[in-house]
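Engineer: File follows, protein_14.txt with compact mmCIF, C-alpha atoms and all ligand atoms:
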# COMPACT_ATOMS: atom_id res chain seq x y z
CA MET O 1 -14.59 48.40 -53.53
CA THR O 2 -17.26 46.24 -51.99
CA THR O 3 -19.94 47.47 -49.69
CA ARG O 4 -21.79 45.77 -46.94
CA ALA O 5 -24.75 47.96 -46.20
CA CYS O 6 -26.92 47.39 -43.25
CA SER O 7 -29.56 48.99 -41.20
CA GLN O 8 -31.07 48.38 -37.84
CA ILE O 9 -34.64 49.45 -37.45
CA ALA O 10 -34.99 50.89 -33.97
CA GLY O 11 -37.00 48.75 -31.61
CA LEU O 12 -37.36 45.78 -33.92
CA ASN O 13 -33.79 44.56 -33.92
CA GLN O 14 -34.40 43.75 -37.53
CA VAL O 15 -31.56 43.85 -39.99
CA ILE O 16 -32.05 44.62 -43.63
CA ILE O 17 -29.66 44.76 -46.51
CA VAL O 18 -29.86 47.93 -48.53
CA ARG O 19 -28.40 47.92 -52.00
CA ARG O 20 -25.63 50.37 -52.67
CA SER O 21 -27.64 52.04 -55.42
CA LEU O 22 -30.14 53.27 -52.85
CA GLU O 23 -27.31 55.15 -51.17
CA ARG O 24 -26.53 57.22 -54.27
CA GLY O 25 -29.16 59.13 -56.21
CA ASN O 26 -29.03 62.90 -56.02
CA ARG O 27 -28.23 63.03 -52.39
CA GLU O 28 -25.57 65.33 -51.04
CA ARG O 29 -22.29 64.27 -49.58
CA VAL O 30 -22.04 65.15 -45.91
CA ILE O 31 -18.75 66.19 -44.34
CA GLY O 32 -20.13 67.19 -40.94
CA THR O 33 -18.85 69.93 -38.68
CA PHE O 34 -15.63 69.68 -36.67
CA LEU O 35 -17.69 68.85 -33.58
CA GLU O 36 -19.79 66.22 -35.34
CA ARG O 37 -16.64 64.58 -36.71
CA LEU O 38 -14.96 64.71 -33.31
CA GLU O 39 -17.99 63.09 -31.71
CA VAL O 40 -18.13 60.11 -34.04
CA LEU O 41 -14.36 59.60 -33.85
CA LYS O 42 -14.49 59.73 -30.05
CA ALA O 43 -17.32 57.20 -30.10
CA ALA O 44 -15.28 54.95 -32.44
CA GLU O 45 -12.31 55.16 -30.06
CA ASP O 46 -14.57 54.36 -27.13
CA VAL O 47 -15.95 51.29 -28.92
CA LEU O 48 -12.41 50.10 -29.71
CA LEU O 49 -11.33 50.55 -26.09
CA ARG O 50 -14.32 48.52 -24.94
CA MET O 51 -13.55 45.80 -27.48
CA GLU O 52 -9.92 45.70 -26.33
CA LYS O 53 -10.90 45.45 -22.68
CA SER O 54 -13.52 42.75 -23.31
CA GLY O 55 -10.98 40.04 -24.10
CA TYR O 56 -13.13 38.71 -26.98
CA PHE O 57 -10.86 40.24 -29.59
CA ASP O 58 -7.40 39.44 -28.22
CA ASP O 59 -6.44 37.70 -31.47
CA VAL O 60 -7.64 40.62 -33.63
CA ASP O 61 -5.47 43.57 -34.65
CA LEU O 62 -7.92 46.20 -33.41
CA GLU O 63 -5.19 48.84 -33.52
CA SER O 64 -5.40 48.69 -37.32
CA PHE O 65 -8.89 50.26 -37.15
CA ARG O 66 -7.50 53.46 -35.63
CA THR O 67 -6.63 54.85 -39.05
CA THR O 68 -9.88 53.78 -40.76
CA ILE O 69 -11.88 56.57 -42.39
CA VAL O 70 -15.08 57.26 -40.47
CA GLY O 71 -17.53 59.62 -42.15
CA PHE O 72 -21.20 60.33 -42.75
CA LEU O 73 -23.74 58.87 -45.17
CA ARG O 74 -25.23 61.05 -47.87
CA GLU O 75 -28.39 62.99 -47.00
CA PRO O 76 -31.29 63.05 -46.84
CA ALA O 77 -30.57 59.78 -45.13
CA THR O 78 -32.69 56.64 -45.28
CA ASN O 79 -33.20 54.46 -42.23
CA LEU O 80 -29.76 53.01 -42.93
CA LEU O 81 -27.66 53.67 -39.84
CA GLY O 82 -24.25 52.74 -41.16
CA LEU O 83 -22.23 50.88 -43.71
CA CYS O 84 -18.83 49.29 -44.00
CA SER O 85 -16.99 49.55 -47.33
CA TYR O 86 -14.25 47.05 -47.98
CA SER O 87 -10.94 47.85 -49.62
CA ARG O 88 -10.13 46.53 -53.09
CA THR O 89 -7.65 44.16 -51.48
CA HIS O 90 -10.03 43.02 -48.76
CA ARG O 91 -9.73 39.34 -49.66
CA ASN O 92 -5.99 39.34 -48.99
CA ALA O 93 -6.02 41.77 -46.08
CA LYS O 94 -3.94 40.88 -43.04
CA SER O 95 -5.83 43.10 -40.62
CA PRO O 96 -9.35 44.51 -40.22
CA GLY O 97 -8.01 48.02 -40.82
CA GLU O 98 -6.52 46.91 -44.13
CA ARG O 99 -9.75 45.11 -45.04
CA THR O 100 -11.93 48.15 -44.34
CA TRP O 101 -11.90 51.10 -46.71
CA ARG O 102 -14.24 53.24 -44.67
CA ILE O 103 -17.20 53.29 -42.33
CA LEU O 104 -20.02 55.73 -43.01
CA LEU O 105 -22.58 56.64 -40.37
CA ASN O 106 -25.98 58.26 -40.48
CA ARG O 107 -25.60 61.72 -38.93
CA ASN O 108 -28.87 61.14 -37.06
CA LEU O 109 -26.83 58.87 -34.80
CA LEU O 110 -25.63 62.08 -33.15
CA TYR O 111 -29.17 63.33 -32.70
CA THR O 112 -32.44 61.36 -32.87
CA GLU O 113 -30.75 57.93 -32.95
CA ARG O 114 -28.09 58.70 -30.37
CA HIS O 115 -28.82 55.53 -28.38
CA GLU O 116 -27.66 53.49 -31.41
CA LEU O 117 -24.37 55.34 -32.04
CA HIS O 118 -21.94 52.98 -30.30
CA ALA O 119 -23.83 49.82 -31.27
CA THR O 120 -23.76 50.85 -34.93
CA ILE O 121 -20.02 51.54 -34.87
CA TYR O 122 -19.49 48.16 -33.20
CA HIS O 123 -21.65 46.53 -35.89
CA GLU O 124 -19.53 48.06 -38.66
CA PHE O 125 -16.25 47.10 -36.95
CA LEU O 126 -17.52 43.51 -36.83
CA HIS O 127 -18.02 43.58 -40.61
CA GLY O 128 -14.40 44.73 -40.93
CA ILE O 129 -13.20 41.93 -38.67
CA LEU O 130 -15.31 39.08 -40.06
CA GLY O 131 -15.14 40.08 -43.73
CA TYR O 132 -17.52 40.40 -46.63
CA ASP O 133 -18.47 36.72 -47.00
CA GLU O 134 -19.69 36.44 -43.42
CA GLY O 135 -22.31 39.18 -43.95
CA HIS O 136 -24.89 38.96 -41.18
CA GLY O 137 -24.13 35.30 -40.66
CA GLU O 138 -24.26 33.19 -37.54
CA ARG O 139 -20.78 34.16 -36.39
CA PHE O 140 -21.58 37.82 -36.96
CA ASN O 141 -24.76 37.58 -34.91
CA ARG O 142 -22.95 35.81 -32.08
CA PHE O 143 -20.41 38.63 -31.85
CA GLU O 144 -23.06 41.31 -32.23
CA SER O 145 -25.07 39.89 -29.35
CA LEU O 146 -22.08 40.56 -27.05
CA TRP O 147 -22.87 44.29 -27.20
CA PRO O 148 -22.86 46.28 -24.94
CA LEU O 149 -19.38 45.16 -23.98
ZN ZN I 1 -24.39 45.05 -41.21
Translate the structure of the given file into C-alpha cells.
Structural biologist:
Amino acid sequence: MTTRACSQIAGLNQVIIVRRSLERGNRERVIGTFLERLEVLKAAEDVLLRMEKSGYFDDVDLESFRTTIVGFLREPATNLLGLCSYSRTHRNAKSPGERTWRILLNRNLLYTERHELHATIYHEFLHGILGYDEGHGERFNRFESLWPL
C-alpha cells in the first residue's frame, strides 16, 4: 500500500507532505459515530455529483469511487486534513476506485474545519484519479484550482 499524505493549512493555501510515520505513533484509531460516518459519506457523494455535473471528468470512471472506503484519521490528529492510500495494484488499476484503497479524513472537518470538508474530499479524489506519481504536480494543481465546482 502506498500513501499520499497531504495537508492544507487553513488560510495559507499551503500544501505540505507529511510522512506516513507521523500518522502512526500511539494514536487511537477512530471509527466515528453513525452520524459522523453518514456526514462524511454524504459529503463524498455530494463531491462526486458535483464532479459528474462539471463536465471536467467525463472521461473518468467516477462511479468506481462510490465503493471506496472513507474513514477517519487517527487521533489526536495533526493538522493533516486527509490522505489517500493507494491499493497494492494501483499501478495497473483501470479505474480511480480500483487505484484507491481508502481515503481518511480528519474528524475536525466535521467541526472546526467544516469549511474545508468538501474541498479536502475533492483533493483526495484527485489523488485517486491522477495517481501516485503525479503527487501535487502541475496537473494536480490545475484540477484542484477548479474547486468549488
Ligand atoms: Zn494531497
Engineer: How many Å separate atom CA of Pro76 of chain O from atom CA of Leu105 of chain O?
Structural biologist: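 The value is 12.6 Å.
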Engineer: Can you find the residues with an atom no farther than 10 Å from (-20.7, 43.3, -33.4), counting only C-alpha atoms, and report them as a PyMOL selection string?
Structural biologist: chain O and resi 51+119-130+136+139-149
Engineer: Given the choices O:His115, O:Ala44, O:Phe57, O:Gly135, which gets closest to Ile103 of chain O if the distance is worked out from all atoms listed in the file?
Structural biologist: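 That would be O:Ala44, the residue with the smallest distance to Ile103 of chain O.
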Engineer: So the first atom is atom CA of Ser87 of chain O and the second is atom CA of Ile69 of chain O; what is the distance between them in Å, to one decimal place?
Structural biologist: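 Atom CA of Ser87 of chain O sits 11.4 Å away from atom CA of Ile69 of chain O.
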Engineer: Please determine, counting all atoms listed in the file, which residue among O:Leu49, O:Leu104, O:Leu38, O:Leu109 has the shortest atom-to-atom distance to ligand ZN 1 (chain I).
Structural biologist: O:Leu104
Engineer: If I take atom CA of Arg74 of chain O and atom CA of Glu28 of chain O, how far is one from the other in Å, to one decimal?
Structural biologist: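 Interatomic distance, atom CA of Arg74 of chain O to atom CA of Glu28 of chain O: 5.3 Å.
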